[in-house]
Amino acid sequence: MSQELLDNRGKGLASWSMPPVHPEGRKFAVAAAAMTLIFALLAWETLAWPMAGITLWILAFFRDPARVTPLDERLVVAPADGLCTMIELVPPPVELAGPEGLGTDPLYRVSIFMSVFDVHINRAPIGGTIRRIVYISGKFLNADLDKASDENERQHIMIERSDGARIGFTQIAGLVARRIVPFIKEGDFVAVGQRVGLIRFGSRVDVYLPQATAPAVVKGQRIVAGETILAVIGETPVREGISH
């Protein structure tokens with residue numbers, strides 16, 4: 001490493017650090033660690049080692065890394081980490097539809113599947129006011145299935161910017177996920193990229209883009225919450241991708 005880099009360390013240069021654990025996960029980690037300690041003290045190694053692994057997995061699952069969000073009002077950023085599994089033109093869900101919602105015309109829906117290894121903190125795709133939150137109890141089908149959007153336990157959220165632009169997104173529980181934890185309520189103002197909730201333990205987020213806006217991502221692309229640009233509002237060219 002050059003002397004110049006050494007001299008500038010800590011003076012504005014980005015550096016990697018261990019991601020903190022979100023408070024929502026600390027109680028699970030403490031419980032798992034306590035069980036690990038009990039098993040170890042009892043010399044039950046066949047249980048202690050697997051429990052130690054589970055403790056580490058819980059810490060990793062609830063990790064909450066810092067993200068660098070692009071600041072441009074034209075942009076819609078990803079609300080979730082994971083894999084883009086579907087891009088479809090569909091009517092908005094009835095809970096978000098109507099003149100005070102997303103309208104009734106078909107919109108591009110971008111589906112992001114979160115495995116149990118992805119970061120599960122969800123973030124606001126645009127800055128604005130939380131106009132609508134609708135929670136619906138339902139099934140726990142595989143979140144990768146198309147019908148999960150209509151049948152699984154889910155929570156719809158709509159954000160409206162000061163210029164009237166609206167974005168809707170839906171947190172969908174899956175086979176393993178059993179709880180959607182919100183950090184916000186109706187009427188709150190959120191900044192783009194702000195943490196708005198999480199889903200325990202593997203799930204999906206659907207994003208409904210505004211009218212006359214096409215996705216800037218492609219199916220099969222890995223997506224990073226708070227950083228990946230999902231779309232540029234008002235731009236309609238549909239991207240294509242190639243797997244390497």
# chains A, B, ... in the order shown; residues from 1 in each chain; ligands from 1

call {"tool": "closest_atom_pairs", "arguments": {"of": "segment 64-150 of chain A", "to": "segment 200-218 of chain A", "cutoff": "9 Å", "atoms": "only C-alpha atoms", "output": "JSON lines"}}
result
{"residue": "A:Val76", "atom": "CA", "partner": "A:Leu209", "partner_atom": "CA", "distance": 8.2}
{"residue": "A:Ala78", "atom": "CA", "partner": "A:Val207", "partner_atom": "CA", "distance": 8.3}
{"residue": "A:Pro79", "atom": "CA", "partner": "A:Val205", "partner_atom": "CA", "distance": 7.6}
{"residue": "A:Ala80", "atom": "CA", "partner": "A:Val205", "partner_atom": "CA", "distance": 6.7}
{"residue": "A:Gly82", "atom": "CA", "partner": "A:Arg204", "partner_atom": "CA", "distance": 8.4}
{"residue": "A:Cys84", "atom": "CA", "partner": "A:Val218", "partner_atom": "CA", "distance": 7.0}
{"residue": "A:Thr85", "atom": "CA", "partner": "A:Val218", "partner_atom": "CA", "distance": 8.8}
{"residue": "A:Met86", "atom": "CA", "partner": "A:Val218", "partner_atom": "CA", "distance": 8.6}
{"residue": "A:Ile87", "atom": "CA", "partner": "A:Val218", "partner_atom": "CA", "distance": 7.6}
{"residue": "A:Val90", "atom": "CA", "partner": "A:Tyr208", "partner_atom": "CA", "distance": 8.9}
{"residue": "A:Pro92", "atom": "CA", "partner": "A:Tyr208", "partner_atom": "CA", "distance": 7.1}
{"residue": "A:Leu102", "atom": "CA", "partner": "A:Pro210", "partner_atom": "CA", "distance": 7.5}
{"residue": "A:Gly103", "atom": "CA", "partner": "A:Gln211", "partner_atom": "CA", "distance": 8.9}
{"residue": "A:Asp105", "atom": "CA", "partner": "A:Gln211", "partner_atom": "CA", "distance": 8.1}
{"residue": "A:Pro106", "atom": "CA", "partner": "A:Gln211", "partner_atom": "CA", "distance": 8.2}
{"residue": "A:Leu107", "atom": "CA", "partner": "A:Leu209", "partner_atom": "CA", "distance": 6.2}
{"residue": "A:Tyr108", "atom": "CA", "partner": "A:Leu209", "partner_atom": "CA", "distance": 5.5}
{"residue": "A:Arg109", "atom": "CA", "partner": "A:Tyr208", "partner_atom": "CA", "distance": 4.6}
{"residue": "A:Val110", "atom": "CA", "partner": "A:Val207", "partner_atom": "CA", "distance": 5.1}
{"residue": "A:Ser111", "atom": "CA", "partner": "A:Asp206", "partner_atom": "CA", "distance": 4.4}
{"residue": "A:Ile112", "atom": "CA", "partner": "A:Val205", "partner_atom": "CA", "distance": 5.2}
{"residue": "A:Phe113", "atom": "CA", "partner": "A:Arg204", "partner_atom": "CA", "distance": 4.4}
{"residue": "A:Met114", "atom": "CA", "partner": "A:Ser203", "partner_atom": "CA", "distance": 5.2}
{"residue": "A:Ser115", "atom": "CA", "partner": "A:Gly202", "partner_atom": "CA", "distance": 4.8}
{"residue": "A:Val116", "atom": "CA", "partner": "A:Gly202", "partner_atom": "CA", "distance": 4.6}
{"residue": "A:Phe117", "atom": "CA", "partner": "A:Gly202", "partner_atom": "CA", "distance": 8.0}
{"residue": "A:Asp118", "atom": "CA", "partner": "A:Gly202", "partner_atom": "CA", "distance": 7.9}
{"residue": "A:His120", "atom": "CA", "partner": "A:Arg200", "partner_atom": "CA", "distance": 7.2}
{"residue": "A:Asn122", "atom": "CA", "partner": "A:Val205", "partner_atom": "CA", "distance": 8.6}
{"residue": "A:Pro125", "atom": "CA", "partner": "A:Val207", "partner_atom": "CA", "distance": 8.6}
{"residue": "A:Asn142", "atom": "CA", "partner": "A:Ser203", "partner_atom": "CA", "distance": 8.2}
{"residue": "A:Ala143", "atom": "CA", "partner": "A:Ser203", "partner_atom": "CA", "distance": 5.5}
{"residue": "A:Asp144", "atom": "CA", "partner": "A:Arg204", "partner_atom": "CA", "distance": 7.3}
{"residue": "A:Ala148", "atom": "CA", "partner": "A:Arg204", "partner_atom": "CA", "distance": 8.9}
{"residue": "A:Ser149", "atom": "CA", "partner": "A:Asp206", "partner_atom": "CA", "distance": 7.8}

call {"tool": "select_by_dssp", "arguments": {"residues": "segment 23-239 of chain A", "states": "helix (DSSP H, G or I)", "output": "PyMOL selection string"}}
result
chain A and resi 23-41+45-61+148-151

call {"tool": "atom_distance", "arguments": {"atom1": "atom CA of Leu56 of chain A", "atom2": "atom CA of Gly226 of chain A"}}
result
24.8 Å

call {"tool": "closest_residue", "arguments": {"among": "A:Met51, A:Tyr135, A:Ile167, A:Val192", "to": "Val30 of chain A", "atoms": "only C-alpha atoms"}}
result
A:Met51

call {"tool": "select_by_dssp", "arguments": {"residues": "segment 171-243 of chain A", "states": "strand (DSSP E)", "output": "PyMOL selection string"}}
result
chain A and resi 171-173+179-182+189-190+195-200+203-208+222-223+229-232

call {"tool": "write_last_selection", "arguments": {"atoms": "C-alpha atoms", "output": "PDB file, in the first residue's frame"}}
result
ATOM      1  CA  GLN A 171     -43.604  -7.207   1.352  1.00  0.00           C
ATOM      2  CA  ILE A 172     -44.588 -10.869   0.895  1.00  0.00           C
ATOM      3  CA  ALA A 173     -43.987 -13.633   3.440  1.00  0.00           C
ATOM      4  CA  ARG A 179     -43.588 -12.209  10.227  1.00  0.00           C
ATOM      5  CA  ILE A 180     -43.440  -8.827   8.494  1.00  0.00           C
ATOM      6  CA  VAL A 181     -42.004  -6.192  10.839  1.00  0.00           C
ATOM      7  CA  PRO A 182     -42.742  -2.536   9.916  1.00  0.00           C
ATOM      8  CA  PHE A 189     -42.071  11.002   5.875  1.00  0.00           C
ATOM      9  CA  VAL A 190     -39.232   8.790   4.662  1.00  0.00           C
ATOM     10  CA  ARG A 195     -35.088   1.498   6.409  1.00  0.00           C
ATOM     11  CA  VAL A 196     -38.841   0.808   6.445  1.00  0.00           C
ATOM     12  CA  GLY A 197     -39.113  -2.792   7.700  1.00  0.00           C
ATOM     13  CA  LEU A 198     -37.957  -6.376   7.428  1.00  0.00           C
ATOM     14  CA  ILE A 199     -39.367  -9.826   6.744  1.00  0.00           C
ATOM     15  CA  ARG A 200     -38.225 -12.869   8.702  1.00  0.00           C
ATOM     16  CA  SER A 203     -39.402 -13.807   1.272  1.00  0.00           C
ATOM     17  CA  ARG A 204     -40.134 -11.432  -1.601  1.00  0.00           C
ATOM     18  CA  VAL A 205     -40.794  -7.771  -2.381  1.00  0.00           C
ATOM     19  CA  ASP A 206     -42.853  -6.606  -5.380  1.00  0.00           C
ATOM     20  CA  VAL A 207     -42.357  -3.041  -6.648  1.00  0.00           C
ATOM     21  CA  TYR A 208     -45.007  -1.310  -8.785  1.00  0.00           C
ATOM     22  CA  ARG A 222     -28.764  -9.490  -8.418  1.00  0.00           C
ATOM     23  CA  ILE A 223     -30.154  -6.424  -6.665  1.00  0.00           C
ATOM     24  CA  ILE A 229     -31.471   1.683  -9.597  1.00  0.00           C
ATOM     25  CA  LEU A 230     -34.727  -0.100 -10.496  1.00  0.00           C
ATOM     26  CA  ALA A 231     -36.022   2.578 -12.858  1.00  0.00           C
ATOM     27  CA  VAL A 232     -35.792   6.180 -13.998  1.00  0.00           C
TER      28      VAL A 232
END

call {"tool": "atom_distance", "arguments": {"atom1": "atom CA of Ile126 of chain A", "atom2": "atom CA of Asp188 of chain A"}}
result
13.2 Å

call {"tool": "closest_residue", "arguments": {"among": "A:Ala97, A:Ile136, A:Ala60, A:Ala191", "to": "Gly168 of chain A", "atoms": "only C-alpha atoms"}}
result
A:Ala97

call {"tool": "atom_distance", "arguments": {"atom1": "atom CA of Leu47 of chain A", "atom2": "atom CA of Ala31 of chain A"}}
result
14.6 Å

call {"tool": "closest_residue", "arguments": {"among": "A:Gly25, A:Ile133, A:Ile157, A:Gly193", "to": "Leu71 of chain A", "atoms": "only C-alpha atoms"}}
result
A:Gly193

call {"tool": "residues_around", "arguments": {"residues": "Pro23 of chain A", "least_positions_apart": "2", "cutoff": "10 Å", "atoms": "only C-alpha atoms", "output": "MDAnalysis selection string"}}
result
chainID A and resid 20:21 25:28 62:64

call {"tool": "closest_residue", "arguments": {"among": "A:Ile130, A:Pro19, A:Lys219, A:Glu227", "to": "Ile242 of chain A", "atoms": "only C-alpha atoms"}}
result
A:Lys219
